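Data from protein34.cif: mmCIF, C-alpha atoms
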```cif
data_model
loop_
_atom_site.label_atom_id
_atom_site.label_comp_id
_atom_site.auth_asym_id
_atom_site.auth_seq_id
_atom_site.Cartn_x
_atom_site.Cartn_y
_atom_site.Cartn_z
CA MET E 1 2.12 2.00 -3.00
CA ARG E 2 1.21 -0.45 -0.29
CA VAL E 3 -1.44 -3.01 -1.18
CA LEU E 4 -3.45 -4.65 1.60
CA TRP E 5 -5.61 -7.48 0.21
CA ARG E 6 -8.83 -8.76 1.72
CA LEU E 7 -6.97 -11.78 2.98
CA VAL E 8 -3.23 -11.33 3.14
CA VAL E 9 -0.65 -13.97 3.80
CA ALA E 10 2.00 -11.46 4.82
CA VAL E 11 4.99 -13.66 4.05
CA ALA E 12 7.53 -10.91 3.48
CA LEU E 13 6.55 -8.89 6.53
CA VAL E 14 6.33 -11.86 8.83
CA ALA E 15 9.59 -13.24 7.55
CA ALA E 16 11.22 -9.93 8.43
CA CYS E 17 9.78 -10.20 11.93
CA ALA E 18 11.12 -13.73 12.15
CA ARG E 19 14.65 -12.63 11.28
CA ALA E 20 14.47 -10.08 14.11
CA SER E 21 13.00 -12.52 16.61
CA PRO E 22 15.22 -14.02 19.32
CA LEU E 23 15.19 -17.80 19.55
CA ALA E 24 14.73 -19.52 22.87
CA SER E 25 17.68 -21.59 24.01
CA PRO E 26 17.12 -24.90 25.84
CA ALA E 27 18.88 -23.48 28.88
CA ALA E 28 16.75 -20.36 28.93
CA SER E 29 13.57 -22.37 28.46
CA ALA E 30 14.43 -24.37 31.56
CA THR E 31 14.78 -21.37 33.84
CA ALA E 32 12.35 -21.22 36.72
CA THR E 33 9.63 -18.60 36.74
CA ALA E 34 8.90 -16.31 39.62
CA SER E 35 5.21 -16.94 39.03
CA SER E 36 4.22 -20.44 37.92
CA GLN E 37 0.58 -20.38 39.04
CA PRO E 38 -1.93 -17.72 37.95
CA ARG E 39 -2.46 -15.09 40.59
CA VAL E 40 -5.59 -12.96 40.58
CA MET E 41 -5.20 -9.28 41.40
CA THR E 42 -6.34 -5.91 40.19
CA GLU E 43 -5.24 -4.85 36.73
CA ALA E 44 -3.13 -2.04 38.17
CA GLN E 45 -1.39 -4.41 40.59
CA ALA E 46 -0.58 -6.91 37.84
CA TRP E 47 1.08 -4.35 35.58
CA ALA E 48 2.85 -2.71 38.52
CA GLU E 49 4.38 -6.04 39.54
CA VAL E 50 5.55 -6.75 36.00
CA ARG E 51 7.02 -3.26 35.69
CA SER E 52 8.91 -3.47 38.99
CA SER E 53 10.11 -7.03 38.37
CA LEU E 54 11.31 -6.56 34.78
CA PRO E 55 12.91 -3.12 34.39
CA GLY E 56 14.12 -2.40 30.91
CA VAL E 57 11.68 -4.59 28.96
CA PRO E 58 8.65 -3.26 27.01
CA ILE E 59 5.61 -2.97 29.27
CA VAL E 60 2.41 -2.63 27.21
CA PRO E 61 -0.73 -2.18 29.32
CA PRO E 62 -3.92 -1.76 27.29
CA THR E 63 -5.92 1.44 27.17
CA TRP E 64 -8.88 -0.37 25.57
CA LEU E 65 -10.30 -3.87 26.05
CA PRO E 66 -13.53 -5.47 24.79
CA PRO E 67 -16.41 -4.21 26.96
CA SER E 68 -17.27 -7.74 28.15
CA VAL E 69 -13.89 -8.09 29.89
CA ASP E 70 -13.90 -7.63 33.66
CA ARG E 71 -11.14 -5.07 34.17
CA SER E 72 -11.52 -5.11 37.95
CA ARG E 73 -9.41 -8.28 38.00
CA ALA E 74 -6.51 -9.67 36.02
CA GLU E 75 -4.51 -12.89 36.15
CA LEU E 76 -0.73 -12.74 36.29
CA ARG E 77 -0.08 -16.07 34.61
CA GLN E 78 3.64 -15.89 34.02
CA LEU E 79 6.51 -13.81 35.31
CA ALA E 80 10.01 -15.06 34.47
CA LEU E 81 12.91 -13.03 35.82
CA ALA E 82 15.80 -14.67 33.93
CA PRO E 83 17.80 -11.81 32.36
CA SER E 84 18.49 -13.93 29.25
CA GLU E 85 14.80 -14.56 28.62
CA PRO E 86 12.33 -12.46 30.62
CA ARG E 87 8.67 -13.29 30.21
CA TYR E 88 5.30 -12.11 31.41
CA VAL E 89 1.68 -12.91 30.62
CA ILE E 90 -1.32 -11.01 31.97
CA ALA E 91 -4.76 -12.40 31.12
CA TYR E 92 -8.23 -10.87 31.19
CA VAL E 93 -11.34 -13.03 31.42
CA ALA E 94 -14.92 -12.18 30.45
CA PRO E 95 -17.89 -13.58 32.42
CA ASP E 96 -18.61 -16.04 29.58
CA GLY E 97 -15.09 -17.45 29.85
CA ALA E 98 -13.61 -15.69 26.81
CA GLU E 99 -9.98 -14.78 27.49
CA LEU E 100 -7.50 -12.28 26.13
CA SER E 101 -3.85 -12.27 27.16
CA ILE E 102 -0.99 -9.83 26.67
CA GLY E 103 2.53 -11.10 27.02
CA LEU E 104 6.25 -10.89 26.31
CA GLY E 105 8.45 -13.84 25.48
CA PRO E 106 9.25 -16.31 22.69
CA THR E 107 6.14 -16.75 20.53
CA PRO E 108 5.64 -18.75 17.33
CA ASP E 109 5.69 -16.66 14.19
CA TRP E 110 3.57 -17.18 11.10
CA ARG E 111 3.77 -20.73 9.80
CA PRO E 112 2.50 -22.45 6.63
CA GLY E 113 -1.22 -23.04 7.05
CA ASP E 114 -1.76 -19.85 9.04
CA SER E 115 -3.34 -16.70 7.64
CA ALA E 116 -1.79 -13.34 8.46
CA ILE E 117 -2.33 -9.65 7.85
CA GLY E 118 0.50 -7.14 8.06
CA THR E 119 0.17 -4.07 10.26
CA ARG E 120 2.19 -1.94 12.70
CA VAL E 121 2.07 -1.80 16.50
CA ARG E 122 3.99 0.77 18.55
CA ASN E 123 6.13 1.78 15.53
CA SER E 124 7.03 -1.86 14.86
CA ASN E 125 6.14 -4.20 12.01
CA ALA E 126 3.50 -6.63 13.23
CA ALA E 127 1.18 -9.36 12.03
CA LEU E 128 -2.33 -10.39 12.98
CA ILE E 129 -2.10 -14.18 12.70
CA TYR E 130 -4.94 -16.69 12.48
CA VAL E 131 -3.29 -19.92 13.59
CA GLY E 132 -4.41 -22.73 11.31
CA GLY E 133 -6.18 -20.45 8.84
CA TRP E 134 -8.98 -17.94 8.42
CA PRO E 135 -11.94 -18.58 10.78
CA ALA E 136 -15.15 -19.76 9.16
CA THR E 137 -17.21 -17.46 11.42
CA PRO E 138 -16.44 -14.63 13.87
CA GLY E 139 -17.38 -16.96 16.73
CA ALA E 140 -15.11 -19.80 15.65
CA HIS E 141 -12.61 -20.93 18.31
CA VAL E 142 -9.39 -20.14 16.46
CA LEU E 143 -6.23 -18.81 18.08
CA ARG E 144 -5.80 -15.23 16.98
CA ARG E 145 -2.47 -13.59 17.69
CA ALA E 146 -1.13 -10.07 17.21
CA ARG E 147 2.66 -10.43 17.24
CA TRP E 148 5.46 -7.90 16.94
CA VAL E 149 9.09 -7.36 17.96
CA GLU E 150 10.59 -4.44 19.87
CA GLY E 151 14.37 -4.68 20.00
CA ASN E 152 15.17 -8.16 21.29
CA TYR E 153 11.70 -8.77 22.71
CA VAL E 154 8.73 -10.53 21.13
CA LEU E 155 5.32 -9.30 22.26
CA ARG E 156 1.88 -10.72 21.63
CA ILE E 157 -1.84 -10.40 22.23
CA GLU E 158 -3.80 -13.66 22.00
CA SER E 159 -7.35 -14.91 22.18
CA GLU E 160 -9.33 -17.86 20.86
CA ARG E 161 -12.70 -16.15 21.11
CA PHE E 162 -12.30 -12.42 20.74
CA THR E 163 -12.15 -11.38 17.08
CA GLY E 164 -9.19 -10.22 15.05
CA ASP E 165 -10.84 -6.81 14.99
CA ASP E 166 -10.80 -6.79 18.80
CA LEU E 167 -7.12 -7.78 18.90
CA LEU E 168 -6.16 -5.02 16.47
CA ARG E 169 -8.02 -2.44 18.52
CA VAL E 170 -6.23 -3.58 21.67
CA ALA E 171 -2.88 -3.55 19.86
CA TRP E 172 -3.35 -0.18 18.20
CA SER E 173 -4.40 1.46 21.49
CA LEU E 174 -1.69 0.04 23.76
CA ASP E 175 0.12 2.45 26.05
CA ARG E 176 2.93 3.88 23.90
CA THR E 177 5.29 4.65 26.79
CA GLY E 178 8.70 3.30 25.85
CA ALA E 179 7.71 2.47 22.26
CA PRO E 180 10.61 2.33 19.77
CA ALA E 181 11.28 5.51 17.85
CA PRO E 182 10.08 5.57 14.23
CA LYS E 183 12.66 4.27 11.77
CA THR E 184 12.49 7.57 9.87
CA PRO E 185 11.64 10.39 12.30
CA TYR E 186 9.76 13.39 10.93
CA THR E 187 9.03 16.69 12.64
CA ARG E 188 5.82 18.29 11.45
CA VAL E 189 6.27 21.65 9.76
CA LYS E 190 2.59 22.45 9.20
CA PRO E 191 0.65 20.65 11.96
CA GLY E 192 -3.10 20.88 11.54
CA VAL E 193 -3.11 22.16 7.98
CA CYS E 194 -4.46 18.80 6.82
CA ALA E 195 -5.41 16.90 9.99
CA ALA E 196 -7.19 19.56 12.01
CA ARG E 197 -8.22 18.97 15.61
CA GLY E 198 -11.94 18.37 15.91
CA ALA E 199 -12.37 17.66 12.20
CA ALA E 200 -13.92 14.43 10.92
CA PRO E 201 -11.78 11.71 9.30
CA GLU E 202 -13.48 12.46 5.98
CA ASP E 203 -12.13 16.01 6.21
CA THR E 204 -8.56 14.70 6.39
CA VAL E 205 -9.11 12.68 3.21
CA ARG E 206 -10.66 15.67 1.43
CA ARG E 207 -7.73 17.91 2.38
CA LEU E 208 -5.21 15.26 1.39
CA ILE E 209 -6.65 14.96 -2.13
CA ALA E 210 -6.82 18.77 -2.35
CA PHE E 211 -3.08 18.91 -1.58
CA VAL E 212 -2.22 16.29 -4.21
CA GLY E 213 -0.28 18.03 -6.96
CA SER E 214 0.11 21.22 -4.91
CA GLY E 215 3.87 20.88 -4.48
CA ASP E 216 3.40 21.42 -0.73
CA ARG E 217 5.06 18.32 0.69
CA ASP E 218 4.75 19.31 4.34
CA ALA E 219 1.02 19.90 3.94
CA VAL E 220 0.65 16.43 2.44
CA LEU E 221 2.73 14.85 5.20
CA ASP E 222 0.48 16.38 7.86
CA CYS E 223 -2.27 14.07 6.58
CA PHE E 224 -0.28 10.94 7.55
CA SER E 225 0.55 9.47 10.94
CA LEU E 226 4.12 9.62 12.18
CA GLU E 227 3.99 5.84 12.56
CA LEU E 228 3.26 5.38 8.85
CA LEU E 229 5.83 7.99 7.81
CA GLY E 230 8.42 6.27 9.99
CA GLU E 231 8.01 3.16 7.86
CA SER E 232 7.14 4.76 4.50
CA PRO E 233 8.44 8.36 4.32
CA GLY E 234 7.83 8.65 0.58
CA TYR E 235 4.24 9.84 0.90
CA TYR E 236 5.52 13.39 0.39
CA GLY E 237 5.61 12.42 -3.29
CA TRP E 238 1.84 12.79 -3.49
CA ALA E 239 2.46 16.54 -3.54
CA ASP E 240 4.36 16.13 -6.82
CA LEU E 241 1.67 14.19 -8.66
CA PRO E 242 -0.72 15.88 -11.13
CA LEU E 243 -3.56 17.83 -9.58
CA ALA E 244 -6.54 15.75 -8.40
CA SER E 245 -10.25 16.50 -8.74
CA ASP E 246 -13.71 14.92 -8.82
CA LEU E 247 -13.27 13.32 -5.39
CA LYS E 248 -15.91 10.78 -4.39
CA LEU E 249 -15.93 9.38 -0.85
CA GLU E 250 -17.55 6.08 0.09
CA PRO E 251 -19.31 5.42 3.41
CA SER E 252 -16.83 4.79 6.19
CA GLN E 253 -16.46 1.50 8.05
CA GLY E 254 -14.76 0.63 11.31
CA THR E 255 -11.68 -1.56 11.69
CA GLY E 256 -9.99 -2.05 15.05
CA GLY E 257 -11.37 1.21 16.41
CA ARG E 258 -10.10 3.11 13.40
CA VAL E 259 -11.99 4.33 10.34
CA VAL E 260 -11.66 3.07 6.77
CA ILE E 261 -12.74 5.40 3.96
CA GLY E 262 -12.72 4.50 0.29
CA ALA E 263 -12.06 7.38 -2.10
CA GLY E 264 -11.90 7.79 -5.87
CA TRP E 265 -10.59 10.76 -7.82
CA GLN E 266 -9.22 11.81 -11.18
CA PHE E 267 -5.77 13.21 -11.95
CA ALA E 268 -5.41 16.11 -14.38
CA SER E 269 -3.09 13.89 -16.40
CA ASN E 270 -1.88 10.31 -16.21
CA PRO E 271 0.79 10.14 -13.47
CA GLY E 272 2.27 6.95 -14.91
CA GLY E 273 4.04 4.30 -12.89
CA ALA E 274 1.72 2.44 -10.55
CA TRP E 275 -0.96 5.13 -10.86
CA ALA E 276 -3.85 5.34 -13.30
CA GLN E 277 -5.53 8.60 -14.23
CA HIS E 278 -8.68 7.43 -12.43
CA ALA E 279 -7.44 6.49 -8.96
CA HIS E 280 -9.06 4.70 -6.04
CA HIS E 281 -7.63 4.10 -2.57
CA PHE E 282 -8.76 3.01 0.86
CA PHE E 283 -7.51 5.08 3.77
CA LEU E 284 -7.25 3.75 7.33
CA LEU E 285 -7.43 6.70 9.72
CA GLY E 286 -6.80 6.83 13.43
CA LEU E 287 -6.44 9.51 16.07
CA GLU E 288 -2.96 10.95 16.62
CA ASP E 289 -2.71 13.82 19.10
CA GLY E 290 -6.44 14.42 18.77
CA SER E 291 -6.47 14.58 14.96
CA TRP E 292 -7.52 11.99 12.39
CA ARG E 293 -4.51 10.96 10.31
CA VAL E 294 -3.86 8.22 7.77
CA TYR E 295 -2.24 5.08 9.22
CA GLU E 296 -2.43 2.99 6.06
CA THR E 297 -3.34 3.24 2.38
CA ALA E 298 -4.41 0.35 0.18
CA THR E 299 -6.01 -0.42 -3.15
CA ALA E 300 -8.17 -3.16 -1.60
CA TRP E 301 -9.59 -3.77 1.86
CA TYR E 302 -11.01 -6.66 3.84
CA THR E 303 -14.66 -6.43 4.82
CA SER E 304 -14.25 -7.84 8.34
CA LEU E 305 -11.75 -9.45 10.69
CA PRO E 306 -13.46 -12.39 12.43
#
```
Take the structure in the file and give it back as structure tokens.
Amino acid sequence: MRVLWRLVVAVALVAACARASPLASPAASATATASSQPRVMTEAQAWAEVRSSLPGVPIVPPTWLPPSVDRSRAELRQLALAPSEPRYVIAYVAPDGAELSIGLGPTPDWRPGDSAIGTRVRNSNAALIYVGGWPATPGAHVLRRARWVEGNYVLRIESERFTGDDLLRVAWSLDRTGAPAPKTPYTRVKPGVCAARGAAPEDTVRRLIAFVGSGDRDAVLDCFSLELLGESPGYYGWADLPLASDLKLEPSQGTGGRVVIGAGWQFASNPGGAWAQHAHHFFLLGLEDGSWRVYETATAWYTSLP
């Protein structure tokens, strides 16, 4: 089972990202950029220029941004065309001066003294990093960075003033065009039997617990997102556990535009291993193809992401 603590220093996950991250060479760092001064244009123009200038690299325009951001304008702050080290940075600015940038290029990973939470972005292991440590307040000026790797490319979303919750919502809702395939692909056999279109996220959790112990692995797997199954395909094993009953759901809370639901239940017998007969999990649910599915499970959850 995956455990996500209230404050996680995701050393193992971030170290894995670091091993996959390309390192900048002195020669590559010295290459000239095609855009050295910020240029203001419409959001569509900025992403179109990046896409036409850098074919073959991940292009990740946002589908959601904090409401205070002025999306009628964007700043193309960097566009490096060197084939050995392409880069781009597009920034959005709110009227109060708060900025959020999305970019590709060499980016510092987690370092001692930082705080980090493991997640996934576009089927890739990722980390939400608080540079220098956990902010004292949501309004604290601390560099927050969502960082992940796709192939040979490091991508990031950064802001000193928007919250970690905002950055996760931006990251989780990025355009998925060109996203890497899941590590373990799965084709749904019983779509909608657990995560029904139009149903509430609580309904997905209720159906999931009802399928526990049923022996119906494909029904159980329909409760989980393909992104989660790509990383952790073993959730089918919930179908082989003892039957579950006496489900109690806790009030939902929002995290990064997704929904967190705490749930407790009782197994008909002690499953053994990491399970206890009286179980409790938190489920992070998000929309996938119009249905609420589980993107993460945990035995603990953070209350907020400042």
Next item on the list: Would you translate the PyMOL selection byres ((chain E and resi 122) around 10) into the concrete set of residues it matches in this file, as a ChimeraX atom specification?
Entry: /E:60,120-121,123-126,148-150,171-182,227
Dump as an mmCIF file, in the frame of the given file, selection limited to C-alpha atoms:
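Saved result, again28.cif, follows:
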```cif
data_model
loop_
_atom_site.group_PDB
_atom_site.id
_atom_site.type_symbol
_atom_site.label_atom_id
_atom_site.label_comp_id
_atom_site.auth_asym_id
_atom_site.auth_seq_id
_atom_site.Cartn_x
_atom_site.Cartn_y
_atom_site.Cartn_z
ATOM 1 C CA VAL E 60 2.410 -2.630 27.210
ATOM 2 C CA ARG E 120 2.190 -1.940 12.700
ATOM 3 C CA VAL E 121 2.070 -1.800 16.500
ATOM 4 C CA ASN E 123 6.130 1.780 15.530
ATOM 5 C CA SER E 124 7.030 -1.860 14.860
ATOM 6 C CA ASN E 125 6.140 -4.200 12.010
ATOM 7 C CA ALA E 126 3.500 -6.630 13.230
ATOM 8 C CA TRP E 148 5.460 -7.900 16.940
ATOM 9 C CA VAL E 149 9.090 -7.360 17.960
ATOM 10 C CA GLU E 150 10.590 -4.440 19.870
ATOM 11 C CA ALA E 171 -2.880 -3.550 19.860
ATOM 12 C CA TRP E 172 -3.350 -0.180 18.200
ATOM 13 C CA SER E 173 -4.400 1.460 21.490
ATOM 14 C CA LEU E 174 -1.690 0.040 23.760
ATOM 15 C CA ASP E 175 0.120 2.450 26.050
ATOM 16 C CA ARG E 176 2.930 3.880 23.900
ATOM 17 C CA THR E 177 5.290 4.650 26.790
ATOM 18 C CA GLY E 178 8.700 3.300 25.850
ATOM 19 C CA ALA E 179 7.710 2.470 22.260
ATOM 20 C CA PRO E 180 10.610 2.330 19.770
ATOM 21 C CA ALA E 181 11.280 5.510 17.850
ATOM 22 C CA PRO E 182 10.080 5.570 14.230
ATOM 23 C CA GLU E 227 3.990 5.840 12.560
#
```
Chain and number of each residue from the PyMOL selection byres ((chain E and resi 92) around 9), as a PDB file with C-alpha atoms, in the frame of the given file:
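Contents of the output file out_11.pdb:
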```
ATOM      1  CA  GLU E  43      -5.240  -4.850  36.730  1.00  0.00           C
ATOM      2  CA  LEU E  65     -10.300  -3.870  26.050  1.00  0.00           C
ATOM      3  CA  VAL E  69     -13.890  -8.090  29.890  1.00  0.00           C
ATOM      4  CA  ASP E  70     -13.900  -7.630  33.660  1.00  0.00           C
ATOM      5  CA  ARG E  71     -11.140  -5.070  34.170  1.00  0.00           C
ATOM      6  CA  ARG E  73      -9.410  -8.280  38.000  1.00  0.00           C
ATOM      7  CA  ALA E  74      -6.510  -9.670  36.020  1.00  0.00           C
ATOM      8  CA  GLU E  75      -4.510 -12.890  36.150  1.00  0.00           C
ATOM      9  CA  ILE E  90      -1.320 -11.010  31.970  1.00  0.00           C
ATOM     10  CA  ALA E  91      -4.760 -12.400  31.120  1.00  0.00           C
ATOM     11  CA  VAL E  93     -11.340 -13.030  31.420  1.00  0.00           C
ATOM     12  CA  ALA E  94     -14.920 -12.180  30.450  1.00  0.00           C
ATOM     13  CA  ALA E  98     -13.610 -15.690  26.810  1.00  0.00           C
ATOM     14  CA  GLU E  99      -9.980 -14.780  27.490  1.00  0.00           C
ATOM     15  CA  LEU E 100      -7.500 -12.280  26.130  1.00  0.00           C
ATOM     16  CA  SER E 101      -3.850 -12.270  27.160  1.00  0.00           C
ATOM     17  CA  ILE E 102      -0.990  -9.830  26.670  1.00  0.00           C
TER      18      ILE E 102
END
```
Closest pair table for region 166-198 of chain E residues within 10 Å of region 280-296 of chain E, only C-alpha atoms, as JSON lines:
```
{"residue": "E:Trp172", "atom": "CA", "partner": "E:Gly286", "partner_atom": "CA", "distance": 9.2}
{"residue": "E:Ser173", "atom": "CA", "partner": "E:Leu287", "partner_atom": "CA", "distance": 9.9}
{"residue": "E:Pro191", "atom": "CA", "partner": "E:Ser291", "partner_atom": "CA", "distance": 9.8}
{"residue": "E:Gly192", "atom": "CA", "partner": "E:Ser291", "partner_atom": "CA", "distance": 7.9}
{"residue": "E:Cys194", "atom": "CA", "partner": "E:Arg293", "partner_atom": "CA", "distance": 8.6}
{"residue": "E:Ala195", "atom": "CA", "partner": "E:Ser291", "partner_atom": "CA", "distance": 5.6}
{"residue": "E:Ala196", "atom": "CA", "partner": "E:Ser291", "partner_atom": "CA", "distance": 5.8}
{"residue": "E:Arg197", "atom": "CA", "partner": "E:Ser291", "partner_atom": "CA", "distance": 4.8}
{"residue": "E:Gly198", "atom": "CA", "partner": "E:Ser291", "partner_atom": "CA", "distance": 6.7}
```
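This file, queried with the PyMOL selection byres ((chain E and resi 135) around 12), gives the residues E:Leu7, E:Asp114, E:Ser115, E:Ala116, E:Ile129, E:Tyr130, E:Val131, E:Gly132, E:Gly133, E:Trp134, E:Ala136, E:Thr137, E:Pro138, E:Gly139, E:Ala140, E:His141, E:Val142, E:Leu143, E:Arg144, E:Glu160, E:Arg161, E:Phe162, E:Thr163, E:Gly164, E:Ser304, E:Leu305, E:Pro306.
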Next item on the list: Kindly give the distance, in Å, that separates CA of Asp203 (chain E) and CA of Arg217 (chain E), rounded to a single decimal.
Entry: 18.2 Å
Notebook entry, point to check: With distances taken over all atoms listed in the file, which of E:Tyr153, E:Tyr302, E:Trp64, E:Trp238 is nearest to Leu168 (chain E)?
Noted result: E:Trp64
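Interatomic distance, CA of Asp96 (chain E) against CA of Ser159 (chain E): 13.5 Å.
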Notebook entry, point to check: Please, which residues are within 8 Å of (-2.6, 15.3, -2.6) by the file's coordinates, counting only C-alpha atoms, and could they come as a list of chain:residue names?
Noted result: E:Arg207, E:Leu208, E:Ile209, E:Ala210, E:Phe211, E:Val212, E:Gly213, E:Ser214, E:Val220, E:Trp238, E:Ala239, E:Leu241, E:Leu243, E:Ala244
Check: Quick one, how far is CA of Thr204 (chain E) from CA of Tyr236 (chain E)?
Finding: 15.4 Å
